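Student: After the structure tokens below, expect a handful of questions from me.
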Amino acid sequence: MRLIVWLVSLSFTVCCMAQADTNGDIFVAARDAYKARDQRVLSLYSQQLQAENYMLAPYVEYWRLLLQLEQTSPAEYQEFLNRYADLPFSDRIRAEWLKLLGKRQDWATFFAEVPKLVQPDAGVTCYALTGRDAQGEASALQEGKAIWLDATDQPANCDAMFERMLGNKLLDTEDIWARVRLSLAK
């Protein structure tokens with residue numbers, strides 16, 4: 001009898017280990033599909049890992065959402081954040097969503113969501129200043145001067161704010177040269 005219990009236990013352990021290896025292989029394949037931007041294959045892997053309750057399945061779901069962010073409805077985005085609020089990538093997906101809202105100039109949704117962002121993001125900050133300016137807040141673009149004079153490379157979504165600053169004569173020749181000197185000093 002002991003032998004039977006031991007054999008059943010051993011077979012169960014081997015079966016679980018094989019399943020873990022299979023899920024691990026699927027996870028790696030899902031990562032490769034994400035890197036290749038293959039949404040169809042990534043969705044299939046995501047469904048498989050979700051069905052297995054694989055502990056890393058939320059990360060595959062995160063990758064899937066990143067690839068489909070432009071097609072994601074606000075309700076789907078919110079459902080994702082509610083489901084995975086405690087996971088490390090939740091703030092990253094919020095920042096990407098905010099950048100998309102800024103790009104679309106959906107300022108009402110943008111400003112409702114931006115206070116929930118935990119980690120600062122330069123691209124989101126630029127959209128926030130651009131949005132505040134678009135809503136008539138005169139001092140918003142003046143705050144952008146600090147970003148202009150920061151020696152780090154700024155994301156491309158700051159370009160619209162910088163153009164607005166130039167158009168509103170908030171940046172002069174001296175500011176432009178200061179930025180050039182900062183860039184050269186790196």
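All residue names refer to the structure tokens as shown: chains lettered A, B, ... in order, residues numbered from 1 in each chain, ligands numbered from 1 in order.
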Taking 5 positions as the minimum chain separation for residues in the same chain, which residues sit within 8 Å of range 111-119 of chain A when counting only C-alpha atoms? Answer as a ChimeraX atom specification.

Tutor: /A:91,94-95,98,128

Student: Please identify all polymer residues within 9 Å of range 136-146 of chain A, counting only C-alpha atoms, omitting same-chain residues fewer than 2 positions from it, and present them as a short mmCIF file (atom, residue, chain, number, x, y, z; two decimals) with N, CA and C atoms, in the first residue's frame.

Tutor:
```
data_model
loop_
_atom_site.label_atom_id
_atom_site.label_comp_id
_atom_site.auth_asym_id
_atom_site.auth_seq_id
_atom_site.Cartn_x
_atom_site.Cartn_y
_atom_site.Cartn_z
N THR A 125 4.42 64.16 -18.36
CA THR A 125 4.54 65.54 -17.89
C THR A 125 4.40 66.52 -19.04
N CYS A 126 5.04 66.23 -20.17
CA CYS A 126 4.92 67.12 -21.33
C CYS A 126 3.48 67.19 -21.83
N ALA A 128 0.85 66.69 -20.01
CA ALA A 128 0.08 67.41 -18.99
C ALA A 128 0.21 68.92 -19.18
N LEU A 129 1.43 69.38 -19.43
CA LEU A 129 1.64 70.81 -19.65
C LEU A 129 0.97 71.28 -20.94
N THR A 130 1.07 70.47 -21.99
CA THR A 130 0.42 70.81 -23.26
C THR A 130 -1.10 70.87 -23.08
N GLY A 131 -1.64 69.90 -22.35
CA GLY A 131 -3.08 69.87 -22.10
C GLY A 131 -3.55 71.05 -21.28
N ARG A 132 -2.78 71.39 -20.26
CA ARG A 132 -3.15 72.55 -19.44
C ARG A 132 -3.13 73.82 -20.28
N ASP A 133 -2.14 73.93 -21.18
CA ASP A 133 -2.08 75.09 -22.07
C ASP A 133 -3.29 75.09 -23.01
N ALA A 134 -3.64 73.93 -23.55
CA ALA A 134 -4.78 73.84 -24.47
C ALA A 134 -6.08 74.22 -23.77
N TRP A 148 12.87 71.88 -20.80
CA TRP A 148 13.73 72.29 -21.92
C TRP A 148 15.19 72.40 -21.48
N LEU A 149 15.40 72.92 -20.30
CA LEU A 149 16.76 73.15 -19.82
C LEU A 149 17.33 71.97 -19.03
N ASP A 150 16.67 70.84 -19.10
CA ASP A 150 17.18 69.61 -18.48
C ASP A 150 18.12 68.94 -19.47
N MET A 161 5.06 70.31 -27.19
CA MET A 161 5.10 71.34 -26.15
C MET A 161 6.21 72.35 -26.46
N PHE A 162 7.38 71.85 -26.86
CA PHE A 162 8.49 72.75 -27.19
C PHE A 162 8.11 73.67 -28.36
N ARG A 164 5.09 74.65 -29.13
CA ARG A 164 4.15 75.65 -28.60
C ARG A 164 4.91 76.73 -27.84
N MET A 165 5.93 76.31 -27.09
CA MET A 165 6.72 77.28 -26.34
C MET A 165 7.44 78.25 -27.29
N ASN A 168 4.92 80.63 -28.81
CA ASN A 168 4.46 81.64 -27.85
C ASN A 168 5.59 82.51 -27.32
N LEU A 170 8.17 81.78 -25.63
CA LEU A 170 8.63 81.47 -24.28
C LEU A 170 10.07 80.94 -24.28
N LEU A 171 10.57 80.62 -25.46
CA LEU A 171 11.97 80.23 -25.62
C LEU A 171 12.61 81.23 -26.57
N ASP A 175 17.90 80.58 -24.78
CA ASP A 175 17.40 79.28 -24.29
C ASP A 175 17.79 78.16 -25.25
#
```

Student: List every residue of chain A that DSSP, applied to the backbone of this structure, places in helix (DSSP H, G or I), and write the result as a PyMOL selection string.

Tutor: chain A and resi 2-35+39-51+57-67+69-71+74-83+90-104+107-116+122-134+140-148+156-167+173-184

Student: Rounded to one decimal place, report the CA of Ala151 in chain A-CA of Arg179 in chain A distance in Å.

Tutor: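 These two atoms are separated by 7.4 Å.
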
Student: May I have the residues within 9 Å of range 63-72 of chain A as an NGL selection string, using only C-alpha atoms and disregarding those fewer than 2 positions away in the same chain?

Tutor: :A and (30-31 or 34 or 37-39 or 42-43 or 46 or 58-61 or 74-77 or 80 or 93 or 96-97 or 100)

Student: Interatomic distance between CA of Gln154 in chain A and CA of Val180 in chain A?

Tutor: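 If I compute the distance from CA of Gln154 in chain A to CA of Val180 in chain A, I get 13.2 Å.
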
Student: Quick one: distance from CA of Asp121 in chain A to CA of Glu79 in chain A in Å, one decimal?

Tutor: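 Pair CA of Asp121 in chain A / CA of Glu79 in chain A returns 22.5 Å.
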